[in-house]
file protein_38.cif (mmCIF, C-alpha atoms)
data_final
#
loop_
_atom_site.group_PDB
_atom_site.id
_atom_site.type_symbol
_atom_site.label_atom_id
_atom_site.label_comp_id
_atom_site.auth_asym_id
_atom_site.auth_seq_id
_atom_site.Cartn_x
_atom_site.Cartn_y
_atom_site.Cartn_z
ATOM 1 C CA MET L 916 19.977 32.882 20.032
ATOM 2 C CA MET L 917 16.466 32.030 19.033
ATOM 3 C CA ASN L 918 15.768 28.500 17.886
ATOM 4 C CA THR L 919 14.264 28.894 14.449
ATOM 5 C CA PHE L 920 13.277 25.241 14.200
ATOM 6 C CA ASN L 921 9.681 24.256 14.604
ATOM 7 C CA ASN L 922 9.965 21.420 17.117
ATOM 8 C CA ARG L 923 7.500 19.298 15.152
ATOM 9 C CA ILE L 924 8.904 19.801 11.655
ATOM 10 C CA TRP L 925 11.978 18.186 10.140
ATOM 11 C CA SER L 926 13.280 18.943 6.650
ATOM 12 C CA PHE L 927 14.089 16.560 3.839
ATOM 13 C CA LEU L 928 15.776 17.276 0.516
ATOM 14 C CA ASN L 929 13.977 14.873 -1.790
ATOM 15 C CA PRO L 930 16.485 13.568 -4.342
ATOM 16 C CA ALA L 931 13.618 12.577 -6.647
ATOM 17 C CA THR L 932 12.236 16.094 -6.909
ATOM 18 C CA GLY L 933 15.200 18.247 -5.843
ATOM 19 C CA LYS L 934 12.869 20.060 -3.464
ATOM 20 C CA THR L 935 13.005 20.420 0.285
ATOM 21 C CA GLU L 936 9.984 18.949 2.049
ATOM 22 C CA SER L 937 8.666 19.461 5.536
ATOM 23 C CA VAL L 938 8.143 16.271 7.497
ATOM 24 C CA GLU L 939 6.242 15.941 10.752
ATOM 25 C CA ARG L 940 7.228 13.459 13.421
ATOM 26 C CA MET L 941 5.659 10.012 13.279
ATOM 27 C CA ASP L 942 4.333 7.787 16.039
ATOM 28 C CA TYR L 943 6.960 5.147 15.306
ATOM 29 C CA GLU L 944 10.432 6.060 14.023
ATOM 30 C CA TRP L 945 13.462 3.977 13.150
ATOM 31 C CA THR L 946 17.007 4.282 14.402
ATOM 32 C CA ALA L 947 19.945 2.551 12.705
ATOM 33 C CA ILE L 948 22.645 1.531 15.165
ATOM 34 C CA TYR L 949 25.934 0.811 13.437
ATOM 35 C CA LYS L 950 28.666 -1.600 14.476
ATOM 36 C CA ASP L 951 30.770 1.278 15.796
ATOM 37 C CA GLY L 952 27.910 2.537 17.988
ATOM 38 C CA ILE L 953 27.066 5.547 15.846
ATOM 39 C CA GLU L 954 23.343 6.037 15.257
ATOM 40 C CA LEU L 955 21.373 7.351 12.317
ATOM 41 C CA LYS L 956 17.880 8.442 13.316
ATOM 42 C CA GLN L 957 14.994 8.804 10.892
ATOM 43 C CA PHE L 958 14.376 12.177 12.535
ATOM 44 C CA ASP L 959 17.856 13.247 13.552
ATOM 45 C CA ASP L 960 18.935 15.755 16.184
ATOM 46 C CA SER L 961 19.674 18.358 13.500
ATOM 47 C CA HIS L 962 16.066 18.305 12.342
ATOM 48 C CA ILE L 963 16.975 16.445 9.158
ATOM 49 C CA PHE L 964 14.671 13.629 8.028
ATOM 50 C CA HIS L 965 16.239 10.459 6.598
ATOM 51 C CA GLN L 966 14.752 7.797 4.356
ATOM 52 C CA ILE L 967 15.511 4.188 5.164
ATOM 53 C CA LYS L 968 17.483 3.755 1.948
ATOM 54 C CA GLU L 969 20.100 6.104 3.428
ATOM 55 C CA ILE L 970 21.109 3.458 5.963
ATOM 56 C CA ASP L 971 24.525 1.896 5.385
ATOM 57 C CA LEU L 972 23.290 -1.702 5.614
ATOM 58 C CA TYR L 973 26.809 -3.132 5.385
ATOM 59 C CA ASN L 974 27.792 -1.554 8.698
ATOM 60 C CA LEU L 975 24.410 -1.881 10.383
ATOM 61 C CA HIS L 976 24.304 -3.699 13.721
ATOM 62 C CA VAL L 977 20.696 -3.213 14.864
ATOM 63 C CA LEU L 978 17.666 -1.684 13.181
ATOM 64 C CA ARG L 979 15.333 -0.330 15.835
ATOM 65 C CA LEU L 980 11.784 0.992 15.759
ATOM 66 C CA VAL L 981 10.839 3.247 18.656
ATOM 67 C CA SER L 982 7.386 4.340 19.744
ATOM 68 C CA ARG L 983 7.383 8.041 20.522
ATOM 69 C CA VAL L 984 4.383 7.506 22.772
ATOM 70 C CA THR L 985 5.342 4.485 24.870
ATOM 71 C CA GLU L 986 9.086 4.383 24.067
ATOM 72 C CA LYS L 987 8.695 0.657 23.413
ATOM 73 C CA THR L 988 11.191 -0.659 20.900
ATOM 74 C CA ILE L 989 11.440 -3.405 18.326
ATOM 75 C CA ASP L 990 15.031 -4.427 17.593
ATOM 76 C CA ILE L 991 16.176 -6.349 14.543
ATOM 77 C CA PRO L 992 19.737 -7.704 14.890
ATOM 78 C CA TRP L 993 21.164 -7.153 11.441
ATOM 79 C CA SER L 994 22.908 -9.431 9.008
ATOM 80 C CA HIS L 995 24.059 -8.747 5.488
ATOM 81 C CA ARG L 996 21.384 -11.015 4.008
ATOM 82 C CA LYS L 997 18.535 -8.855 5.274
ATOM 83 C CA THR L 998 16.814 -5.972 3.544
ATOM 84 C CA PRO L 999 14.667 -3.612 5.609
ATOM 85 C CA ILE L 1000 10.894 -3.296 5.291
ATOM 86 C CA TYR L 1001 9.279 -0.149 6.606
ATOM 87 C CA PHE L 1002 6.064 1.393 5.389
ATOM 88 C CA THR L 1003 2.703 2.589 6.608
ATOM 89 C CA ARG L 1004 -0.788 1.749 5.430
ATOM 90 C CA THR L 1005 -3.269 4.587 5.764
ATOM 91 C CA LEU L 1006 -6.981 3.863 5.710
ATOM 92 C CA GLY L 1007 -9.285 6.750 4.936
ATOM 93 C CA LEU L 1008 -12.689 5.524 5.984
ATOM 94 C CA ASN L 1009 -16.192 6.919 5.857
ATOM 95 C CA ASN L 1010 -15.588 9.182 2.860
ATOM 96 C CA TRP L 1011 -12.071 10.013 4.117
ATOM 97 C CA ARG L 1012 -13.357 11.368 7.423
ATOM 98 C CA ILE L 1013 -11.671 8.755 9.610
ATOM 99 C CA LYS L 1014 -7.984 8.086 9.067
ATOM 100 C CA ILE L 1015 -5.959 5.364 10.710
ATOM 101 C CA LYS L 1016 -2.368 4.366 10.125
ATOM 102 C CA VAL L 1017 -0.774 0.954 10.544
ATOM 103 C CA TYR L 1018 3.027 0.652 10.652
ATOM 104 C CA PHE L 1019 4.868 -2.263 9.064
ATOM 105 C CA PHE L 1020 8.431 -2.878 10.230
ATOM 106 C CA GLY L 1021 10.670 -5.831 9.549
ATOM 107 C CA TYR L 1022 12.964 -7.367 7.002
ATOM 108 C CA GLU L 1023 13.207 -9.756 4.109
ATOM 109 C CA GLU L 1024 15.802 -12.505 4.195
ATOM 110 C CA LEU L 1025 16.311 -15.193 1.575
ATOM 111 C CA GLY L 1026 12.917 -14.460 0.064
ATOM 112 C CA SER L 1027 11.056 -14.680 3.363
ATOM 113 C CA LYS L 1028 9.428 -11.649 4.958
ATOM 114 C CA HIS L 1029 9.302 -11.102 8.710
ATOM 115 C CA ILE L 1030 7.123 -8.125 9.534
ATOM 116 C CA SER L 1031 5.582 -6.609 12.642
ATOM 117 C CA ALA L 1032 2.288 -4.854 11.919
ATOM 118 C CA ILE L 1033 1.683 -2.213 14.559
ATOM 119 C CA PHE L 1034 -1.893 -1.047 14.958
ATOM 120 C CA PRO L 1035 -3.048 2.318 16.344
ATOM 121 C CA ASP L 1036 -3.928 0.742 19.700
ATOM 122 C CA GLY L 1037 -0.363 -0.558 20.029
ATOM 123 C CA ASN L 1038 -1.315 -4.111 19.216
ATOM 124 C CA ILE L 1039 1.401 -5.897 17.234
ATOM 125 C CA VAL L 1040 0.772 -8.755 14.825
ATOM 126 C CA GLN L 1041 3.533 -10.766 13.171
ATOM 127 C CA THR L 1042 3.021 -11.457 9.498
ATOM 128 C CA ASN L 1043 4.835 -12.422 6.343
ATOM 129 C CA ASP L 1044 2.029 -11.053 4.170
ATOM 130 C CA PRO L 1045 0.806 -7.544 5.035
ATOM 131 C CA ASP L 1046 -2.009 -7.838 2.493
ATOM 132 C CA SER L 1047 -3.467 -10.775 4.396
ATOM 133 C CA LEU L 1048 -4.215 -8.647 7.453
ATOM 134 C CA SER L 1049 -7.755 -7.513 7.954
ATOM 135 C CA ILE L 1050 -7.937 -4.046 9.433
ATOM 136 C CA GLU L 1051 -11.329 -3.347 10.949
ATOM 137 C CA VAL L 1052 -12.492 -0.172 12.574
ATOM 138 C CA HIS L 1053 -15.544 0.048 14.759
ATOM 139 C CA GLU L 1054 -16.930 3.551 14.961
ATOM 140 C CA MET H 1202 2.243 13.300 9.292
ATOM 141 C CA THR H 1203 3.703 12.097 6.072
ATOM 142 C CA ALA H 1204 2.379 12.480 2.555
ATOM 143 C CA THR H 1205 -0.557 14.832 2.260
ATOM 144 C CA VAL H 1206 -3.379 13.049 0.475
ATOM 145 C CA GLU H 1207 -6.847 14.158 -0.540
ATOM 146 C CA ILE H 1208 -9.711 12.947 -2.704
ATOM 147 C CA CYS H 1209 -10.587 15.059 -5.729
ATOM 148 C CA GLU H 1210 -13.570 14.970 -8.057
ATOM 149 C CA SER H 1211 -13.809 16.194 -11.638
ATOM 150 C CA ASN H 1212 -17.020 17.471 -13.160
ATOM 151 C CA GLY H 1213 -18.330 18.992 -16.358
ATOM 152 C CA ALA H 1214 -17.082 18.949 -19.904
ATOM 153 C CA SER H 1215 -14.090 21.062 -18.926
ATOM 154 C CA GLN H 1216 -13.111 18.671 -16.143
ATOM 155 C CA VAL H 1217 -13.327 21.132 -13.266
ATOM 156 C CA ILE H 1218 -11.429 19.666 -10.325
ATOM 157 C CA THR H 1219 -12.722 20.058 -6.778
ATOM 158 C CA HIS H 1220 -10.053 19.209 -4.233
ATOM 159 C CA ASN H 1221 -10.601 17.564 -0.868
ATOM 160 C CA ILE H 1222 -14.237 16.717 -1.504
ATOM 161 C CA ALA H 1223 -16.711 16.569 1.347
ATOM 162 C CA ASN H 1224 -18.528 13.436 0.195
ATOM 163 C CA SER H 1225 -19.382 11.237 -2.765
ATOM 164 C CA ASN H 1226 -23.096 11.938 -2.891
ATOM 165 C CA MET H 1227 -24.567 10.564 -6.108
ATOM 166 C CA GLY H 1228 -27.730 11.716 -7.803
ATOM 167 C CA SER H 1229 -29.439 13.036 -10.898
ATOM 168 C CA ILE H 1230 -27.025 15.875 -11.705
ATOM 169 C CA ASP H 1231 -23.304 16.174 -12.402
ATOM 170 C CA SER H 1232 -22.128 18.050 -9.342
ATOM 171 C CA VAL H 1233 -19.675 17.601 -6.514
ATOM 172 C CA ALA H 1234 -21.085 17.077 -2.994
ATOM 173 C CA LEU H 1235 -24.568 17.341 -4.425
ATOM 174 C CA ASP H 1236 -27.707 17.713 -2.363
ATOM 175 C CA ILE H 1237 -29.326 14.305 -2.562
ATOM 176 C CA SER H 1238 -32.698 15.597 -1.382
ATOM 177 C CA ASN H 1239 -32.957 17.985 -4.299
ATOM 178 C CA ASN H 1240 -31.382 15.666 -6.851
ATOM 179 C CA PRO H 1241 -32.793 12.185 -6.302
ATOM 180 C CA VAL H 1242 -32.543 9.392 -8.839
ATOM 181 C CA TYR H 1243 -35.764 7.914 -10.155
ATOM 182 C CA ILE H 1244 -36.016 4.226 -9.464
ATOM 183 C CA GLY H 1245 -34.585 2.203 -12.303
ATOM 184 C CA ASP H 1246 -32.298 5.048 -13.424
ATOM 185 C CA ARG H 1247 -28.546 5.484 -13.078
ATOM 186 C CA THR H 1248 -26.866 8.186 -11.072
ATOM 187 C CA TYR H 1249 -24.472 10.504 -12.848
ATOM 188 C CA LEU H 1250 -21.013 9.042 -13.126
ATOM 189 C CA LYS H 1251 -18.553 10.070 -10.433
ATOM 190 C CA GLU H 1252 -14.926 10.489 -11.519
ATOM 191 C CA GLN H 1253 -12.602 10.899 -8.569
ATOM 192 C CA ARG H 1254 -8.900 10.538 -7.913
ATOM 193 C CA ILE H 1255 -6.542 10.138 -4.999
ATOM 194 C CA HIS H 1256 -4.282 13.189 -5.017
ATOM 195 C CA VAL H 1257 -0.920 13.379 -3.274
ATOM 196 C CA THR H 1258 -0.294 17.084 -2.767
ATOM 197 C CA ALA H 1259 2.985 16.737 -0.831
ATOM 198 C CA MET H 1260 5.305 13.787 -0.377
ATOM 199 C CA GLY H 1261 6.247 14.801 3.177
ATOM 200 C CA GLY H 1262 9.372 12.652 3.219
ATOM 201 C CA SER H 1263 7.818 9.627 1.533
ATOM 202 C CA SER H 1264 9.675 7.954 -1.289
ATOM 203 C CA LYS H 1265 6.528 6.495 -2.837
ATOM 204 C CA VAL H 1266 2.809 6.005 -2.420
ATOM 205 C CA LYS H 1267 1.304 2.870 -3.914
ATOM 206 C CA ASN H 1268 -1.099 -0.071 -3.430
ATOM 207 C CA LEU H 1269 -4.292 1.966 -3.748
ATOM 208 C CA ARG H 1270 -7.543 0.336 -2.731
ATOM 209 C CA VAL H 1271 -11.089 1.607 -2.770
ATOM 210 C CA TRP H 1272 -14.228 -0.010 -1.424
ATOM 211 C CA ARG H 1273 -17.725 0.729 -0.190
ATOM 212 C CA SER H 1274 -19.352 0.429 3.211
ATOM 213 C CA GLY H 1275 -23.085 0.128 3.581
ATOM 214 C CA ALA H 1276 -25.777 -1.863 1.828
ATOM 215 C CA LEU H 1277 -27.259 -0.804 -1.474
ATOM 216 C CA GLY H 1278 -30.967 -0.506 -2.086
ATOM 217 C CA THR H 1279 -32.807 -3.644 -3.117
ATOM 218 C CA ASN H 1280 -31.450 -5.041 -6.396
ATOM 219 C CA SER H 1281 -29.382 -1.927 -7.079
ATOM 220 C CA SER H 1282 -25.781 -2.126 -8.316
ATOM 221 C CA HIS H 1283 -22.738 -0.012 -7.584
ATOM 222 C CA LEU H 1284 -20.619 -0.150 -10.728
ATOM 223 C CA THR H 1285 -16.996 0.897 -11.152
ATOM 224 C CA ASN H 1286 -13.921 0.564 -13.317
ATOM 225 C CA LEU H 1287 -11.899 -0.673 -10.312
ATOM 226 C CA ARG H 1288 -10.558 -4.197 -10.387
ATOM 227 C CA THR H 1289 -7.712 -6.184 -8.880
ATOM 228 C CA SER H 1290 -6.815 -8.047 -12.072
ATOM 229 C CA ALA H 1291 -7.086 -7.476 -15.804
ATOM 230 C CA TYR H 1292 -6.942 -3.760 -15.050
ATOM 231 C CA GLY H 1293 -7.711 -2.058 -18.314
ATOM 232 C CA GLY H 1294 -5.396 0.894 -17.817
ATOM 233 C CA ALA H 1295 -6.330 4.349 -16.632
ATOM 234 C CA PHE H 1296 -9.949 5.362 -17.155
ATOM 235 C CA SER H 1297 -10.058 8.350 -19.503
ATOM 236 C CA TYR H 1298 -12.137 11.244 -18.255
ATOM 237 C CA ILE H 1299 -15.504 11.786 -19.938
ATOM 238 C CA THR H 1300 -18.177 14.359 -19.300
ATOM 239 C CA PRO H 1301 -20.224 12.637 -16.583
ATOM 240 C CA VAL H 1302 -23.374 10.965 -17.850
ATOM 241 C CA ALA H 1303 -26.294 9.080 -16.333
ATOM 242 C CA THR H 1304 -26.092 6.277 -18.851
ATOM 243 C CA ALA H 1305 -24.029 3.106 -19.023
ATOM 244 C CA VAL H 1306 -20.308 3.813 -19.451
ATOM 245 C CA THR H 1307 -17.874 1.495 -21.179
ATOM 246 C CA GLY H 1308 -15.469 0.005 -18.666
ATOM 247 C CA VAL H 1309 -17.589 0.906 -15.647
ATOM 248 C CA ASP H 1310 -18.948 -2.576 -15.274
ATOM 249 C CA GLN H 1311 -17.364 -4.067 -12.148
ATOM 250 C CA ALA H 1312 -19.086 -4.392 -8.790
ATOM 251 C CA MET H 1313 -17.638 -1.931 -6.291
ATOM 252 C CA PRO H 1314 -16.108 -4.084 -3.516
ATOM 253 C CA SER H 1315 -18.019 -4.047 -0.256
ATOM 254 C CA THR H 1316 -14.955 -5.106 1.734
ATOM 255 C CA GLN H 1317 -11.343 -4.021 1.507
ATOM 256 C CA PRO H 1318 -9.774 -5.693 -1.547
ATOM 257 C CA GLY H 1319 -6.801 -7.954 -0.844
ATOM 258 C CA THR H 1320 -4.664 -6.116 -3.376
ATOM 259 C CA ALA H 1321 -4.681 -2.834 -5.246
ATOM 260 C CA ASN H 1322 -7.751 -2.145 -7.355
ATOM 261 C CA LEU H 1323 -6.913 1.422 -8.414
ATOM 262 C CA GLY H 1324 -3.962 2.102 -10.657
ATOM 263 C CA ILE H 1325 -1.328 4.779 -10.917
ATOM 264 C CA GLY H 1326 -0.254 5.703 -14.408
ATOM 265 C CA GLY H 1327 -2.476 2.972 -15.781
ATOM 266 C CA SER H 1328 -0.960 0.169 -13.698
ATOM 267 C CA LEU H 1329 -1.984 -1.498 -10.433
ATOM 268 C CA THR H 1330 1.717 -1.663 -9.520
ATOM 269 C CA GLY H 1331 2.304 2.006 -10.328
ATOM 270 C CA GLU H 1332 3.831 4.390 -7.794
ATOM 271 C CA ILE H 1333 3.458 8.062 -6.985
ATOM 272 C CA THR H 1334 6.960 9.420 -6.329
ATOM 273 C CA ALA H 1335 6.201 13.134 -6.620
ATOM 274 C CA PRO H 1336 2.989 15.068 -6.009
ATOM 275 C CA GLY H 1337 0.382 13.825 -8.449
ATOM 276 C CA TYR H 1338 -2.783 11.851 -9.052
ATOM 277 C CA SER H 1339 -3.945 8.258 -9.189
ATOM 278 C CA ASP H 1340 -5.990 6.996 -12.099
ATOM 279 C CA TYR H 1341 -9.678 7.851 -12.049
ATOM 280 C CA ILE H 1342 -12.136 6.041 -9.814
ATOM 281 C CA ALA H 1343 -15.218 5.995 -12.038
ATOM 282 C CA HIS H 1344 -18.403 4.778 -10.401
ATOM 283 C CA GLN H 1345 -22.177 5.082 -10.538
ATOM 284 C CA ILE H 1346 -25.245 3.481 -8.991
ATOM 285 C CA LEU H 1347 -27.686 1.585 -11.156
ATOM 286 C CA THR H 1348 -30.912 1.626 -9.193
ATOM 287 C CA SER H 1349 -33.696 -0.904 -9.438
ATOM 288 C CA ILE H 1350 -37.449 -0.560 -9.571
ATOM 289 C CA ASP H 1351 -37.363 -2.631 -6.389
ATOM 290 C CA ASP H 1352 -35.350 0.045 -4.604
ATOM 291 C CA VAL H 1353 -37.833 2.453 -3.141
ATOM 292 C CA THR H 1354 -35.817 3.647 -0.149
ATOM 293 C CA GLY H 1355 -32.373 4.473 -1.528
ATOM 294 C CA ALA H 1356 -29.159 3.746 0.334
ATOM 295 C CA ASN H 1357 -26.654 5.409 2.585
ATOM 296 C CA ILE H 1358 -23.169 4.260 1.658
ATOM 297 C CA THR H 1359 -19.660 5.603 2.179
ATOM 298 C CA ILE H 1360 -16.435 5.161 0.252
ATOM 299 C CA ASN H 1361 -13.207 3.990 1.878
ATOM 300 C CA TYR H 1362 -9.637 4.296 0.631
ATOM 301 C CA SER H 1363 -6.280 2.778 1.510
ATOM 302 C CA TYR H 1364 -2.707 3.432 0.407
ATOM 303 C CA ASP H 1365 0.784 2.352 1.381
ATOM 304 C CA GLU H 1366 3.558 4.825 1.930
ATOM 305 C CA TYR H 1367 7.283 4.073 1.913
ATOM 306 C CA PHE H 1368 9.988 6.196 3.524
#

call {"tool": "encode", "arguments": {"input": "protein_38.cif", "output": "structure tokens"}}
result
Amino acid sequence: MMNTFNNRIWSFLNPATGKTESVERMDYEWTAIYKDGIELKQFDDSHIFHQIKEIDLYNLHVLRLVSRVTEKTIDIPWSHRKTPIYFTRTLGLNNWRIKIKVYFFGYEELGSKHISAIFPDGNIVQTNDPDSLSIEVHE
Amino acid sequence: MTATVEICESNGASQVITHNIANSNMGSIDSVALDISNNPVYIGDRTYLKEQRIHVTAMGGSSKVKNLRVWRSGALGTNSSHLTNLRTSAYGGAFSYITPVATAVTGVDQAMPSTQPGTANLGIGGSLTGEITAPGYSDYIAHQILTSIDDVTGANITINYSYDEYF
């Protein structure tokens, strides 16, 4: 049987719009590892894309970010007081000709943020204030 | 690949939208991606107002796009000013489209930042804390150059943009 999936495209039924969206793989993707060992991947093996709010935080054991390029991981041992933080910041420079993406991955606990900022070169900076980071690009 | 985002410009009385613009060239006519050699600004005059928006054409799995920031790279000509409606506080709501003019425009009176602002300076739905949760537009980025009689060489500047995307 022919595989009808495009290997780069996952699908997502957006509850906000009721429409199915196509989602391409990202450089860094999360995996939720539950207490019973079951995993929920952002891009799952059935080619379904998941948003982070789908994670059952009550039964979460570890929240993991995996680099698709280097396979390096960042693990956050979970506790019920934590809420996940995961977003990207895209810079469109030089009249939108140059685009770079920085990943932010971490958690907030008791009002304090703990975030890893992951730059395109793989450099990781720890921060509690993503807006305080200066992102410079040298052409 | 996540949300699909482009910069759009509106021109003319009928607000003709050009998607995915090539540049923000500013000059003596109201036109997108204008030829600056053929449409120079006389020293001491203003360029025609540019009215541009960030446009999310597909969410691509994102739950929201927010925290929009716009700034300039490159030095202006001597004593010239790059004016805009963008600001990080006391945001006056969404700029309402007008037919572009080469005169002073109410609300377009802030200096365009020359470094990345520390917080959002472009709103969504009239608010700096607004969010795009389905394909749609930001508020307008309105900006123009006020040249000076001291500026005899012009300037080569570029516009930069930044947005946050949640999944």

call {"tool": "residues_around", "arguments": {"input": "protein_38.cif", "residues": "Gln1317 in chain H", "least_positions_apart": "4", "cutoff": "9 Å", "atoms": "all atoms listed in the file", "output": "PyMOL selection string"}}
result
(chain L and resi 1049-1050) or (chain H and resi 1270-1273+1361-1363)

call {"tool": "residues_near_point", "arguments": {"input": "protein_38.cif", "point": "(-8.8, -0.7, -5.2)", "cutoff": "10 Å", "atoms": "only C-alpha atoms", "output": "number ranges by chain"}}
result
H: 1268-1272, 1286-1289, 1313-1314, 1317-1324, 1329, 1342, 1361-1364

call {"tool": "axis_aligned_box", "arguments": {"input": "protein_38.cif", "around": "range 970-978 of chain L", "padding_each_side": "4 Å", "output": "JSON"}}
result
{"center_x": 22.7, "center_y": -0.1, "center_z": 10.1, "size_x": 18.1, "size_y": 15.2, "size_z": 17.5}

call {"tool": "atom_distance", "arguments": {"input": "protein_38.cif", "atom1": "CA of Tyr943 in chain L", "atom2": "CA of Lys968 in chain L"}}
result
17.1 Å

call {"tool": "resolve_selection", "arguments": {"input": "protein_38.cif", "expression": "the PyMOL selection byres ((chain H) within 8 of (chain L))", "output": "ChimeraX atom specification"}}
result
/H:1202-1203,1208,1223-1225,1259-1264,1274,1319-1320,1334-1335,1359-1368

call {"tool": "atom_distance", "arguments": {"input": "protein_38.cif", "atom1": "CA of Ile1222 in chain H", "atom2": "CA of Ala1234 in chain H"}}
result
7.0 Å

call {"tool": "resolve_selection", "arguments": {"input": "protein_38.cif", "expression": "the PyMOL selection byres ((chain L and resi 991-995) around 9)", "output": "number ranges by chain"}}
result
L: 972-980, 989-990, 996-998, 1021-1022

call {"tool": "resolve_selection", "arguments": {"input": "protein_38.cif", "expression": "the PyMOL selection byres ((chain L and resi 1037) around 10)", "output": "PyMOL selection string"}}
result
chain L and resi 982+984-985+987+1017+1032-1036+1038-1040

call {"tool": "closest_residue", "arguments": {"input": "protein_38.cif", "among": "H:Ile1237, H:Val1266, H:Val1302, H:Ala1291", "to": "Lys1251 in chain H", "atoms": "only C-alpha atoms"}}
result
H:Val1302

call {"tool": "residues_near_point", "arguments": {"input": "protein_38.cif", "point": "(-23.1, 19.6, -19.7)", "cutoff": "9 Å", "atoms": "all atoms listed in the file", "output": "list in words"}}
result
Gly1213, Ala1214, Asp1231, Thr1300, Pro1301 and Val1302 of chain H

call {"tool": "closest_residue", "arguments": {"input": "protein_38.cif", "among": "L:Thr988, L:Trp945, L:Asp971, L:Gln1041", "to": "Asp959 in chain L", "atoms": "all atoms listed in the file"}}
result
L:Trp945

call {"tool": "residues_around", "arguments": {"input": "protein_38.cif", "residues": "Asn1240 in chain H", "least_positions_apart": "2", "cutoff": "6 Å", "atoms": "all atoms listed in the file", "output": "PyMOL selection string"}}
result
chain H and resi 1228-1229+1237-1238

call {"tool": "atom_distance", "arguments": {"input": "protein_38.cif", "atom1": "CA of Glu954 in chain L", "atom2": "CA of Ile970 in chain L"}}
result
9.9 Å

call {"tool": "residues_around", "arguments": {"input": "protein_38.cif", "residues": "Asp1310 in chain H", "least_positions_apart": "3", "cutoff": "9 Å", "atoms": "all atoms listed in the file", "output": "PyMOL selection string"}}
result
chain H and resi 1283-1287+1305-1307+1344
